[in-house]
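Structure file input30.txt (compact mmCIF, C-alpha atoms) is printed below.
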```txt
# COMPACT_ATOMS: atom_id res chain seq x y z
CA MET A 214 8.23 9.17 -22.27
CA ALA A 215 4.91 9.85 -20.49
CA ARG A 216 4.42 6.15 -19.79
CA ARG A 217 7.91 5.85 -18.32
CA ARG A 218 7.33 8.91 -16.16
CA THR A 219 4.04 7.48 -14.89
CA LEU A 220 5.72 4.14 -14.18
CA PHE A 221 8.54 5.91 -12.35
CA ILE A 222 6.11 7.84 -10.13
CA PHE A 223 4.12 4.67 -9.38
CA LEU A 224 7.23 2.69 -8.47
CA SER A 225 8.50 5.53 -6.29
CA VAL A 226 5.23 5.69 -4.33
CA LEU A 227 5.11 1.89 -4.03
CA GLY A 228 8.72 1.75 -2.87
CA LEU A 229 8.18 4.45 -0.24
CA PHE A 230 5.06 2.67 0.99
CA LEU A 231 6.81 -0.68 1.29
CA VAL A 232 9.87 0.82 3.00
CA GLY A 233 7.68 2.83 5.38
CA THR A 234 5.57 -0.21 6.24
CA VAL A 235 8.62 -2.37 6.93
CA VAL A 236 10.24 0.37 9.06
CA VAL A 237 7.06 0.95 11.10
CA LEU A 238 6.37 -2.74 11.67
CA SER A 239 9.99 -3.45 12.50
CA SER A 240 10.07 -0.56 14.97
CA ILE A 241 6.85 -1.70 16.66
CA THR A 242 8.11 -5.27 16.87
CA TYR A 243 11.42 -4.12 18.34
CA TYR A 244 10.07 -1.68 20.93
CA LEU A 245 7.17 -3.92 21.99
CA SER A 246 9.23 -7.08 22.17
CA ILE A 247 9.01 -9.08 25.40
CA ASP A 248 12.02 -10.44 27.21
CA PRO A 249 11.72 -14.26 27.27
CA SER A 250 12.64 -14.25 30.95
CA ALA A 251 9.44 -12.29 31.73
CA TYR A 252 7.16 -15.19 30.78
CA LEU A 253 5.66 -17.31 33.50
CA THR A 254 6.19 -21.05 33.20
CA THR A 255 4.43 -24.08 34.58
CA ASP A 256 7.43 -24.58 36.86
CA GLU A 257 6.63 -21.26 38.56
CA VAL A 258 2.85 -21.62 38.56
CA PRO A 259 1.35 -24.72 40.19
CA ILE A 260 -1.22 -26.42 37.96
CA LEU A 261 -3.90 -27.97 40.19
CA GLU A 262 -6.57 -30.40 39.11
CA GLY A 263 -10.20 -29.37 39.08
CA HIS A 264 -11.21 -26.61 41.45
CA THR A 265 -8.51 -27.28 44.03
CA ARG A 266 -7.64 -24.15 45.97
CA TRP A 267 -4.10 -22.98 46.67
CA ASN A 268 -2.66 -20.75 49.39
CA ALA A 269 0.69 -19.04 48.88
CA SER A 270 1.48 -18.84 52.61
CA GLU A 271 1.45 -22.65 52.86
CA TYR A 272 4.35 -22.75 50.41
CA GLY A 273 6.40 -19.94 51.92
CA GLN A 274 5.16 -17.33 49.43
CA GLN A 275 3.17 -14.13 49.76
CA GLU A 276 0.02 -13.20 47.91
CA ARG A 277 0.88 -9.84 46.42
CA ILE A 278 -2.48 -9.38 44.72
CA PRO A 279 -5.69 -9.04 46.78
CA ARG A 280 -8.57 -11.42 46.07
CA ILE A 281 -10.82 -9.03 44.18
CA LEU A 282 -12.48 -9.57 40.78
CA HIS A 283 -13.16 -6.40 38.72
CA GLN A 284 -15.45 -6.24 35.69
CA THR A 285 -17.12 -3.42 33.74
CA TRP A 286 -20.52 -2.96 32.10
CA ARG A 287 -22.84 -0.12 31.25
CA THR A 288 -25.38 -0.93 33.96
CA GLU A 289 -25.82 -3.21 36.98
CA THR A 290 -27.63 -5.77 34.84
CA LEU A 291 -25.23 -7.98 32.91
CA PRO A 292 -26.32 -9.23 29.48
CA THR A 293 -27.62 -12.80 29.41
CA ARG A 294 -24.84 -13.86 27.09
CA TRP A 295 -22.10 -12.99 29.61
CA LYS A 296 -23.91 -13.34 32.93
CA GLY A 297 -23.36 -17.10 33.21
CA ILE A 298 -19.67 -16.83 32.38
CA SER A 299 -19.14 -14.18 35.07
CA GLN A 300 -21.15 -16.12 37.62
CA GLN A 301 -19.12 -19.28 37.01
CA CYS A 302 -15.89 -17.49 37.99
CA ARG A 303 -17.48 -16.10 41.15
CA ASP A 304 -18.87 -19.49 42.13
CA MET A 305 -15.46 -21.09 41.61
CA MET A 306 -13.81 -18.52 43.92
CA PRO A 307 -16.50 -17.44 46.44
CA ASP A 308 -13.93 -15.86 48.75
CA TYR A 309 -13.03 -13.28 46.07
CA GLU A 310 -14.73 -9.90 46.37
CA TYR A 311 -16.63 -8.97 43.21
CA MET A 312 -16.76 -5.35 41.98
CA LEU A 313 -18.78 -4.39 38.87
CA TRP A 314 -17.97 -0.94 37.50
CA THR A 315 -20.84 0.69 35.62
CA ASP A 316 -20.70 3.94 33.62
CA ASP A 317 -22.12 5.99 36.47
CA GLY A 318 -20.07 4.22 39.13
CA SER A 319 -16.88 4.69 37.16
CA ARG A 320 -17.47 8.43 36.77
CA GLU A 321 -18.19 8.83 40.49
CA PHE A 322 -15.05 6.85 41.35
CA ILE A 323 -12.85 9.04 39.12
CA ALA A 324 -14.43 12.22 40.49
CA GLU A 325 -13.78 11.11 44.07
CA HIS A 326 -10.30 9.56 43.88
CA TYR A 327 -8.74 10.97 40.68
CA PRO A 328 -10.43 14.32 39.96
CA TRP A 329 -7.48 15.49 37.85
CA PHE A 330 -8.52 12.92 35.23
CA LEU A 331 -12.28 13.63 35.21
CA ASP A 332 -12.26 16.02 32.23
CA THR A 333 -10.29 13.57 30.08
CA PHE A 334 -12.55 10.73 31.20
CA ASN A 335 -15.72 12.62 30.27
CA ASN A 336 -14.33 13.85 26.94
CA TYR A 337 -13.46 10.42 25.57
CA LYS A 338 -15.19 9.98 22.22
CA TYR A 339 -15.98 6.27 22.62
CA ALA A 340 -17.50 4.49 25.62
CA ILE A 341 -14.93 1.69 25.33
CA GLN A 342 -12.20 4.24 26.11
CA ARG A 343 -13.83 4.94 29.49
CA ALA A 344 -14.20 1.19 30.05
CA ASP A 345 -10.49 0.77 29.31
CA ALA A 346 -9.39 3.66 31.51
CA ILE A 347 -11.40 2.72 34.58
CA ARG A 348 -9.74 -0.70 34.83
CA TYR A 349 -6.31 0.88 35.21
CA PHE A 350 -7.52 3.19 37.97
CA VAL A 351 -9.34 0.53 40.03
CA LEU A 352 -6.34 -1.79 39.85
CA HIS A 353 -4.10 1.06 40.97
CA HIS A 354 -6.47 2.00 43.80
CA TYR A 355 -7.62 -1.44 45.02
CA GLY A 356 -5.43 -3.99 43.30
CA GLY A 357 -6.89 -7.34 42.26
CA VAL A 358 -7.78 -9.12 39.01
CA TYR A 359 -9.56 -7.51 36.06
CA LEU A 360 -11.46 -9.79 33.63
CA ASP A 361 -13.46 -8.93 30.54
CA LEU A 362 -16.97 -10.39 30.51
CA ASP A 363 -16.07 -12.75 27.65
CA ILE A 364 -13.34 -14.51 29.69
CA GLY A 365 -14.32 -17.56 31.69
CA CYS A 366 -12.40 -19.38 34.44
CA ILE A 367 -11.28 -23.00 34.09
CA ARG A 368 -9.51 -23.26 37.49
CA PRO A 369 -9.03 -20.97 40.50
CA LEU A 370 -6.58 -18.09 40.04
CA ASP A 371 -4.89 -18.53 43.42
CA PRO A 372 -1.40 -19.53 42.11
CA LEU A 373 -1.21 -16.30 40.06
CA LEU A 374 -1.67 -14.00 43.05
CA ALA A 375 1.97 -14.37 44.16
CA TYR A 376 3.26 -11.98 41.47
CA PRO A 377 2.91 -8.18 41.67
CA VAL A 378 1.76 -7.57 38.06
CA ILE A 379 0.77 -10.06 35.36
CA LEU A 380 -0.22 -9.09 31.80
CA PRO A 381 -1.25 -11.55 29.06
CA LYS A 382 0.70 -11.90 25.81
CA THR A 383 -1.33 -11.04 22.73
CA ILE A 384 -0.79 -11.36 18.98
CA PRO A 385 0.96 -10.19 16.92
CA VAL A 386 2.96 -8.11 19.44
CA GLY A 387 2.63 -6.62 22.88
CA VAL A 388 0.24 -7.34 25.72
CA SER A 389 -3.54 -7.23 26.15
CA ASN A 390 -5.69 -5.38 28.67
CA ASP A 391 -8.64 -7.80 28.74
CA LEU A 392 -7.04 -9.62 31.70
CA MET A 393 -4.73 -8.00 34.27
CA PHE A 394 -3.37 -8.84 37.70
CA ALA A 395 -1.89 -6.07 39.86
CA GLU A 396 -1.11 -5.28 43.44
CA LYS A 397 -2.37 -2.06 44.96
CA GLY A 398 -0.42 1.09 44.01
CA HIS A 399 2.17 -0.66 41.84
CA PRO A 400 4.53 1.81 40.01
CA PHE A 401 3.57 0.31 36.66
CA LEU A 402 -0.08 1.25 37.20
CA GLU A 403 1.02 4.64 38.51
CA GLN A 404 2.82 5.30 35.25
CA THR A 405 -0.08 3.94 33.20
CA ILE A 406 -2.82 6.15 34.66
CA HIS A 407 -0.74 9.32 34.32
CA ASN A 408 0.18 8.59 30.69
CA LEU A 409 -3.49 8.28 29.70
CA VAL A 410 -3.60 12.06 29.33
CA THR A 411 -0.42 12.09 27.24
CA PHE A 412 -1.70 9.40 24.86
CA ASP A 413 -5.17 10.92 24.44
CA HIS A 414 -5.13 11.51 20.67
CA ASN A 415 -7.77 11.11 17.98
CA TRP A 416 -6.60 8.84 15.16
CA ILE A 417 -9.76 9.54 13.08
CA LEU A 418 -10.86 5.90 12.88
CA ASN A 419 -12.51 4.01 15.73
CA TYR A 420 -10.09 1.11 16.02
CA PRO A 421 -6.70 2.91 16.05
CA THR A 422 -8.05 5.67 18.29
CA VAL A 423 -9.11 3.17 20.95
CA MET A 424 -6.10 0.91 20.55
CA PHE A 425 -3.48 3.66 20.89
CA SER A 426 -5.19 5.90 23.46
CA THR A 427 -6.47 3.41 26.06
CA GLY A 428 -6.41 -0.09 24.57
CA PRO A 429 -3.85 -2.89 24.16
CA MET A 430 -1.37 -0.86 22.10
CA PHE A 431 -1.39 1.84 24.77
CA LEU A 432 -0.79 -0.73 27.50
CA SER A 433 1.94 -2.38 25.39
CA ALA A 434 3.68 0.98 25.03
CA GLN A 435 3.48 1.46 28.81
CA TYR A 436 4.99 -1.97 29.34
CA GLY A 437 7.85 -1.15 26.97
CA ILE A 438 8.51 2.20 28.65
CA TYR A 439 8.39 0.70 32.15
CA THR A 440 10.64 -2.30 31.45
CA SER A 441 13.23 -0.18 29.62
CA SER A 442 13.36 2.39 32.44
CA HIS A 443 13.51 -0.28 35.17
CA ALA A 444 15.95 -2.67 33.52
CA GLY A 445 18.19 -4.20 36.18
CA ALA A 446 16.28 -2.54 39.02
CA GLN A 447 15.62 -4.36 42.27
CA GLY A 448 12.16 -5.77 42.86
CA ALA A 449 9.82 -8.12 41.10
CA PRO A 450 9.37 -7.29 37.41
CA VAL A 451 6.13 -7.29 35.44
CA ARG A 452 5.44 -10.89 34.41
CA ILE A 453 3.82 -12.05 31.17
CA LEU A 454 1.20 -14.77 30.93
CA PRO A 455 2.03 -16.96 27.91
CA LYS A 456 -0.48 -18.55 25.57
CA SER A 457 -0.13 -21.88 27.34
CA LEU A 458 -1.57 -20.36 30.56
CA TYR A 459 -3.70 -17.64 28.97
CA GLY A 460 -5.40 -19.79 26.33
CA LYS A 461 -6.46 -17.03 23.93
CA ASN A 462 -5.92 -17.68 20.21
CA ALA A 463 -4.73 -21.20 21.09
CA LYS A 464 -5.74 -24.13 18.97
CA GLU A 465 -7.48 -27.13 20.45
CA GLY A 466 -5.06 -29.00 22.71
CA GLU A 467 -2.41 -26.28 22.45
CA ALA A 468 -2.99 -24.88 25.97
CA PRO A 469 -4.05 -27.75 28.27
CA ASP A 470 -2.87 -25.89 31.39
CA SER A 471 -4.71 -22.64 30.67
CA PHE A 472 -6.53 -20.91 33.53
CA PHE A 473 -9.05 -19.27 31.18
CA THR A 474 -11.46 -19.89 28.35
CA HIS A 475 -12.35 -17.20 25.82
CA PHE A 476 -15.62 -16.39 24.04
CA TYR A 477 -14.33 -13.46 21.92
CA GLY A 478 -16.85 -10.66 22.41
CA SER A 479 -15.14 -7.52 21.02
CA SER A 480 -18.53 -5.81 20.73
CA TRP A 481 -16.92 -2.39 20.25
CA HIS A 482 -15.13 -3.34 17.02
CA ALA A 483 -16.27 -1.56 13.86
CA ASP A 484 -15.60 -2.06 10.15
CA ASP A 485 -12.11 -0.61 10.45
CA ALA A 486 -11.25 -3.40 12.90
CA ALA A 487 -12.27 -5.98 10.30
CA PHE A 488 -10.06 -4.24 7.75
CA ILE A 489 -7.11 -4.17 10.14
CA GLY A 490 -7.77 -7.83 10.91
CA PHE A 491 -7.65 -8.54 7.18
CA LEU A 492 -4.31 -6.74 6.97
CA GLY A 493 -3.06 -8.69 9.96
CA HIS A 494 -3.94 -11.97 8.22
CA TRP A 495 -2.89 -11.11 4.66
CA GLY A 496 -0.39 -8.31 5.33
CA LYS A 497 2.72 -10.36 4.60
CA VAL A 498 1.25 -11.70 1.37
CA LEU A 499 0.38 -8.18 0.22
CA LEU A 500 3.89 -6.97 1.06
CA TRP A 501 5.45 -9.78 -0.98
CA ILE A 502 3.14 -9.01 -3.91
CA GLY A 503 4.11 -5.33 -3.70
CA LEU A 504 7.80 -6.26 -3.61
CA VAL A 505 7.45 -8.43 -6.72
CA ILE A 506 5.66 -5.61 -8.56
CA LEU A 507 8.37 -3.16 -7.49
CA ILE A 508 11.20 -5.41 -8.67
CA GLY A 509 9.44 -6.09 -11.98
CA GLY A 510 8.89 -2.39 -12.55
CA VAL A 511 12.51 -1.55 -11.78
CA VAL A 512 13.65 -4.21 -14.22
CA MET A 513 11.42 -2.68 -16.89
CA MET A 514 12.90 0.75 -16.16
CA VAL A 515 16.51 -0.47 -16.21
CA ILE A 516 16.33 -2.65 -19.32
CA PRO A 517 16.21 -0.33 -22.34
CA GLY A 518 13.05 -0.73 -24.29
CA LYS A 519 12.37 0.00 -27.95
CA GLN A 520 14.08 3.30 -28.67
CA ARG A 521 12.46 5.92 -30.81
CA ARG A 522 13.93 5.80 -34.29
CA TYR A 523 14.35 8.73 -36.58
CA THR A 524 14.07 7.44 -40.15
CA LEU A 525 13.88 9.15 -43.49
CA ARG A 526 10.08 8.88 -43.30
CA ARG A 527 9.66 10.91 -40.09
CA ILE A 528 12.03 13.27 -38.30
CA GLY A 529 11.18 15.36 -35.24
CA GLY A 530 7.43 14.99 -35.74
CA TYR A 531 7.59 16.02 -39.41
CA ASP A 532 6.66 13.72 -42.29
CA VAL A 533 9.49 13.58 -44.80
CA LEU A 534 8.72 13.67 -48.52
CA PHE A 535 11.21 13.02 -51.33
CA PRO A 536 10.67 13.89 -54.97
CA ARG A 537 9.63 11.11 -57.33
CA TRP A 538 10.09 10.87 -61.07
CA SER A 539 7.06 10.44 -63.27
CA SER A 540 7.70 8.79 -66.62
CA ARG A 541 4.26 9.91 -67.82
CA THR A 542 4.89 13.62 -67.45
CA GLY A 543 8.67 13.56 -67.55
CA GLN A 544 8.91 15.65 -64.40
CA TRP A 545 9.67 15.36 -60.70
CA HIS A 546 6.76 15.53 -58.29
CA PHE A 547 6.02 15.50 -54.56
CA HIS A 548 3.19 13.08 -53.78
CA LEU A 549 1.01 14.42 -50.95
CA PRO A 550 -1.79 12.56 -49.10
CA ARG A 551 -5.17 13.73 -50.35
CA SER A 552 -6.11 15.21 -46.97
CA GLU A 553 -3.03 17.44 -46.99
CA ALA A 554 -3.19 18.31 -50.68
CA SER A 555 -6.78 19.48 -50.73
CA SER A 556 -5.72 22.97 -49.66
CA GLN A 557 -2.96 22.96 -52.23
CA SER A 558 -5.32 22.05 -55.06
CA GLU A 559 -7.31 25.25 -54.53
CA SER A 560 -4.27 27.40 -55.19
CA SER A 561 -2.83 25.09 -57.88
CA PRO A 562 -5.76 23.70 -59.89
CA THR A 563 -3.44 22.29 -62.52
CA SER A 564 -1.95 19.75 -60.10
CA PRO A 565 -3.04 16.29 -61.27
CA THR A 566 -5.00 14.12 -58.85
CA TYR A 567 -4.97 10.34 -58.72
CA THR A 568 -7.78 8.10 -57.53
CA ASP A 569 -5.84 6.23 -54.87
CA GLY A 570 -5.72 9.02 -52.31
CA TYR A 571 -2.56 10.84 -53.43
CA ASP A 572 -2.21 14.30 -54.96
CA VAL A 573 0.84 15.49 -56.85
CA GLU A 574 2.75 18.77 -56.56
CA ARG A 575 4.82 19.35 -59.72
CA LEU A 576 8.34 20.66 -59.20
CA PRO A 577 9.61 23.58 -61.33
CA PHE A 578 12.13 21.51 -63.30
CA ASP A 579 11.98 18.48 -65.55
CA MET A 580 15.58 17.35 -65.81
CA ARG A 581 16.02 13.66 -65.38
CA PRO A 582 18.76 12.99 -62.82
CA VAL A 583 21.95 11.21 -63.52
CA SER A 584 22.26 7.77 -61.94
CA PRO A 585 23.96 8.02 -58.57
CA ALA A 586 27.39 6.63 -58.05
CA SER A 587 27.77 3.06 -56.89
CA THR A 588 28.78 4.24 -53.43
CA GLU A 589 25.50 6.17 -53.09
CA SER A 590 23.14 3.57 -54.52
CA SER A 591 22.48 1.87 -51.18
CA PHE A 592 21.23 5.14 -49.66
CA ALA A 593 19.18 6.46 -52.57
CA GLY A 594 17.81 3.17 -53.89
CA ASP A 595 14.46 3.07 -52.12
CA GLN A 596 13.93 6.71 -51.20
CA LEU A 597 14.80 8.38 -54.53
CA ALA A 598 13.05 7.41 -57.72
CA GLY A 599 14.72 7.98 -61.09
CA ARG A 600 17.57 5.48 -61.02
CA SER A 601 18.48 4.72 -64.66
CA SER A 602 20.51 1.54 -64.30
CA PRO A 603 19.53 -1.35 -66.66
CA LEU A 604 18.60 -3.55 -63.73
CA THR A 605 16.26 -0.90 -62.35
CA GLU A 606 14.65 -0.25 -65.74
CA THR A 607 14.05 -3.97 -66.22
CA PHE A 608 12.49 -4.27 -62.79
CA ARG A 609 10.26 -1.25 -63.48
CA ARG A 610 8.99 -2.68 -66.75
CA VAL A 611 8.16 -6.03 -65.17
CA ARG A 612 6.39 -4.29 -62.32
CA ASN A 613 4.37 -2.10 -64.71
CA ARG A 614 3.22 -5.13 -66.68
CA VAL A 615 2.10 -6.87 -63.53
CA ALA A 616 0.35 -3.70 -62.35
CA ALA A 617 -1.44 -3.29 -65.68
CA PHE A 618 -2.59 -6.92 -65.59
CA THR A 619 -3.93 -6.60 -62.05
CA ASN A 620 -5.38 -3.07 -62.52
CA ALA A 621 -3.02 -1.71 -59.89
CA ILE A 622 -2.02 1.90 -59.36
CA PRO A 623 -0.53 4.00 -62.18
CA ASP A 624 3.15 4.06 -62.88
CA ASP A 625 3.81 7.44 -61.36
CA VAL A 626 2.09 6.75 -58.04
CA PRO A 627 4.37 5.84 -55.11
CA ARG A 628 5.23 2.15 -55.13
CA THR A 629 5.43 1.82 -51.37
CA PRO A 630 2.49 -0.34 -50.27
CA HIS A 631 0.01 1.46 -48.03
CA ARG A 632 -0.29 -0.19 -44.63
CA PRO A 633 -2.97 0.97 -42.21
CA ARG A 634 -1.48 2.09 -38.92
CA ARG A 635 -2.49 4.17 -36.00
CA HIS A 636 -2.73 7.90 -36.44
CA ARG A 637 0.29 9.88 -35.35
CA PHE A 638 0.27 13.60 -34.84
CA SER A 639 2.23 15.36 -37.57
CA ARG A 640 3.73 18.79 -37.21
CA GLY A 641 3.94 19.19 -41.01
CA TYR A 642 6.10 18.10 -43.91
CA LEU A 643 9.77 18.37 -44.73
CA PHE A 644 10.52 18.47 -48.46
CA PHE A 645 13.97 17.23 -49.42
CA LEU A 646 15.26 18.46 -52.75
CA PRO A 647 18.83 17.19 -53.32
CA ALA A 648 20.87 19.64 -55.39
CA ILE A 649 22.18 16.88 -57.65
CA PHE A 650 18.73 16.65 -59.26
CA THR A 651 18.84 20.16 -60.68
CA THR A 652 20.99 22.17 -63.03
CA GLN A 653 20.58 25.25 -60.87
CA SER A 654 22.91 26.53 -58.23
CA PRO A 655 23.11 24.33 -55.11
CA ASP A 656 21.67 27.26 -53.08
CA ILE A 657 17.98 27.24 -54.03
CA GLU A 658 16.07 30.02 -52.40
CA ALA A 659 12.41 30.87 -52.41
CA GLY A 660 13.11 34.52 -53.22
CA PRO A 661 15.51 37.40 -52.75
CA GLU A 662 16.89 37.82 -49.30
CA SER A 663 15.30 40.68 -47.42
CA PRO A 664 17.69 43.39 -46.21
CA VAL A 665 18.75 43.21 -42.60
CA PRO A 666 17.50 46.26 -40.61
```
What does the file become when written as C-alpha cells?
Amino acid sequence: MARRRTLFIFLSVLGLFLVGTVVVLSSITYYLSIDPSAYLTTDEVPILEGHTRWNASEYGQQERIPRILHQTWRTETLPTRWKGISQQCRDMMPDYEYMLWTDDGSREFIAEHYPWFLDTFNNYKYAIQRADAIRYFVLHHYGGVYLDLDIGCIRPLDPLLAYPVILPKTIPVGVSNDLMFAEKGHPFLEQTIHNLVTFDHNWILNYPTVMFSTGPMFLSAQYGIYTSSHAGAQGAPVRILPKSLYGKNAKEGEAPDSFFTHFYGSSWHADDAAFIGFLGHWGKVLLWIGLVILIGGVVMMVIPGKQRRYTLRRIGGYDVLFPRWSSRTGQWHFHLPRSEASSQSESSPTSPTYTDGYDVERLPFDMRPVSPASTESSFAGDQLAGRSSPLTETFRRVRNRVAAFTNAIPDDVPRTPHRPRRHRFSRGYLFFLPAIFTTQSPDIEAGPESPVP
C-alpha cells in the first residue's frame, strides 16, 4: 500500500509538471507568435552587391530611420575583440553618425531627458539591464540603428531605413534586442520605455531576471502587446527581419543575403543561461521521457498487481497455528517456534522441546479425533493432522521409514518443510481449536464469565 501511495504521489507531481510545462510553453508560443505578413522579404529589400550604397529617395521611397549607429559599452575604450568589428561597420557607412553610450553617459542621458526613469535605472541589479534599457531610450529619442558589439556588417544598411521599426526574429520564439531599427518617437518605443517600470521584477536567477525585465523576452512581450492593440490600424506596422536577412543561428549557406555576421558574445550569461540553453536543446526529449514514465506508471496503477492473500497460515497480521497429533505421546499439541516458546517454557517446564527449533504446547485433552467426512477432507487434509484413513496411515508409515533412514525430524514434528523467507512482522498467534476434536461442549471458555457491572 505504501509503495502504491508513493507511486501515486510521484505520478501526480510528474503529471502536473508536464501539463504545466506544456501549458506555459504553448501560451508563450501563442502570444509571442509573429504574423507571417510582418516578415521582410528579398522582394521588399534590395540586395546590392558589395558595398554599393542605396538611396530611398531615388526609388520614390522615404528613409524613415535616421542614419545613426548606436552601441553601448562600459567605457569609451572598446575591447580589442570587438573594436575591429565596430570599426568595419563605420568604415562601410562613413556618412552614418556613430554614438557610443557608456555607463556614465547613459545615466546622464536618462537624468536629462527621462528623469522619471532614473531611480529604476540606477536600481537595476545587473549592468546588462541598464545596457538593455538605454538602447530603447536612445532609439525613442534619436531614432537610428542599434547594434551589439558582436554584430558585424556585411553590406550597407541603407535599404532597411525605409521602414519605421524593424526587429530581428530570434529562436525559439519572439524577437531579439541585439539589433533594432526605429524612427524617432515611434509609438512602439513609447510603449516600450514606459513598460520597463511595469516589468521590473526580480526572478531570483540572473538569466530570467534580465530576459523578462529588459531583455529579448521583455521586447517580445512588448511586440505582442503592440501588434494586438494595433491590429488593423492605419500606418506602417512593425516589421520583422527573418533569418535569411538577419543571419543569426543560420547554417553555412542558409542566409546568403544576410546584412550581418555574428560573433556571439553574450558575455553577461551565467551558469543558469547554460542550463536554460540545455533545456532549450533537450527540452522536448525530456518531455517525451517524462510522458513515457507517466504512462508506464499509470498502467502499473491501473493493472491490478498481486493481491494480498489471507491464507490459513496468516490472517490480519497474526500467525495461525492448528493443533497437531503426536503418535508418540498420544496427545494434541501446538508447535511453536523456539523464539516464541522460550517464554512459555519458563511457566511450563514440562513442555517437551525438540532440537529442530520447535517447542510444543500440550493441549488439555488426548482424545484422538474421528476421521472427517469425505466432504471435509479437502479442507482439513493438510492443515489438520490426525486423519485415520488407511491411505493416510500408509503414507505416514512410509514417510517415517524414510525419515528414520535419513535421520530426519521426529514423527511428531511438523512435516511442512521449513523454507527461509524474509522476516514479516507478526502481531501474535491465533490458535484454532475445532470443537470436533474434543468431547467437551462446543463452547470452550478459559474460565467463568465475570459478572457485568
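Between CA of Met430 (chain A) and CA of Ile379 (chain A) there is a distance of 16.3 Å.
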Quiz item: Can you tell me how far CA of Tyr376 (chain A) sits from CA of Ile364 (chain A), in Å to one decimal?
Solution: 20.5 Å
Per-residue nearest contacts region 251-355 of chain A to region 387-404 of chain A, cut-off 9 Å, using only C-alpha atoms, as CSV:
```
residue,atom,partner,partner_atom,distance
A:Arg277,CA,A:Glu396,CA,5.8
A:Ile278,CA,A:Glu396,CA,4.5
A:Pro279,CA,A:Glu396,CA,6.8
A:Asp345,CA,A:Asn390,CA,7.8
A:Arg348,CA,A:Asn390,CA,8.7
A:Tyr349,CA,A:Leu402,CA,6.6
A:Phe350,CA,A:Leu402,CA,7.7
A:Val351,CA,A:Lys397,CA,8.9
A:Leu352,CA,A:Ala395,CA,6.2
A:His353,CA,A:Gly398,CA,4.8
A:His354,CA,A:Lys397,CA,5.9
A:Tyr355,CA,A:Lys397,CA,5.3
```
Practice problem: Using only C-alpha atoms, determine which residues lie at most 7 Å from region 505-514 of chain A, disregarding the query and same-chain residues fewer than 2 positions distant; provide the list as a PyMOL selection string. | Solution: chain A and resi 224+227-228+501-503+516
Could the residues in this selection be saved with C-alpha atoms as a PDB file, keeping the file's coordinate frame?
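As a result, part-v9.pdb now contains:
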```pdb
ATOM      1  CA  LEU A 224       7.230   2.690  -8.470  1.00  0.00           C
ATOM      2  CA  LEU A 227       5.110   1.890  -4.030  1.00  0.00           C
ATOM      3  CA  GLY A 228       8.720   1.750  -2.870  1.00  0.00           C
ATOM      4  CA  TRP A 501       5.450  -9.780  -0.980  1.00  0.00           C
ATOM      5  CA  ILE A 502       3.140  -9.010  -3.910  1.00  0.00           C
ATOM      6  CA  GLY A 503       4.110  -5.330  -3.700  1.00  0.00           C
ATOM      7  CA  ILE A 516      16.330  -2.650 -19.320  1.00  0.00           C
TER       8      ILE A 516
END
```
Give me, as a Markdown table, the closest atom pair and its distance (Å, one decimal) for every residue of region 367-428 of chain A within a cut-off of 10 Å of region 334-338 of chain A, counting all atoms listed in the file, rows sorted by chain and rising number.
```
| residue | atom | partner | partner_atom | distance |
| --- | --- | --- | --- | --- |
| A:Leu409 | CA | A:Phe334 | CA | 9.5 |
| A:Val410 | CA | A:Phe334 | CA | 9.2 |
| A:Asp413 | CA | A:Tyr337 | CA | 8.4 |
| A:His414 | CA | A:Tyr337 | CA | 9.7 |
| A:Asn415 | CA | A:Lys338 | CA | 8.6 |
| A:Asn419 | CA | A:Lys338 | CA | 9.2 |
| A:Thr422 | CA | A:Lys338 | CA | 9.2 |
| A:Val423 | CA | A:Lys338 | CA | 9.2 |
| A:Ser426 | CA | A:Tyr337 | CA | 9.7 |
| A:Thr427 | CA | A:Tyr337 | CA | 9.9 |
```
Quiz prompt | Between CA of Ile281 (chain A) and CA of Ala346 (chain A), distance in Å (one decimal) | solution = 18.0 Å
Quiz item: Using all atoms listed in the file, which residues sit within 12 Å of Phe473 (chain A) once same-chain residues fewer than 3 positions away are excluded, as an MDAnalysis selection string?
Solution: chainID A and resid 298:299 301:302 360:370 381 391:392 454:463 468:470 476
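Counting all atoms listed in the file and comparing A:Tyr243, A:Arg612, A:Val515, A:Ser540, the residue that lies closest to Phe221 (chain A) is A:Val515.
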Exercise. Select, counting only C-alpha atoms, all protein, DNA and RNA residues no farther than 8 Å from (-16.0, -0.6, 26.9) in file coordinates, and express the selection as number ranges by chain.
Key: A: 285-286, 340-345, 481
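The closest residue to Gln274 (chain A), picked from A:Gly233, A:Phe223, A:Pro372, A:Pro292 and counting only C-alpha atoms, is A:Pro372.
Take the candidates A:Ala324, A:Thr265, A:Ile453, A:Tyr439 and check each one against Ile247 (chain A) using all atoms listed in the file; the shortest distance goes to A:Ile453.
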Write out as a PDB file with C-alpha atoms, keeping the file's coordinate frame the residues lying within 10 Å of Thr290 (chain A), counting all atoms listed in the file and excluding same-chain residues fewer than 6 positions away.
```
ATOM      1  CA  LYS A 296     -23.910 -13.340  32.930  1.00  0.00           C
ATOM      2  CA  LEU A 313     -18.780  -4.390  38.870  1.00  0.00           C
ATOM      3  CA  THR A 315     -20.840   0.690  35.620  1.00  0.00           C
TER       4      THR A 315
END
```
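With distances restricted to only C-alpha atoms, A:Ile347 is the closest residue to Ile406 (chain A) from A:Ile438, A:Val386, A:Val378, A:Ile347.
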Self-check item: Residues near Ala375 (chain A), cut-off 6 Å, all atoms listed in the file, skip fewer than 2 positions along chain, as number ranges by chain
Solution: A: 275-277, 373
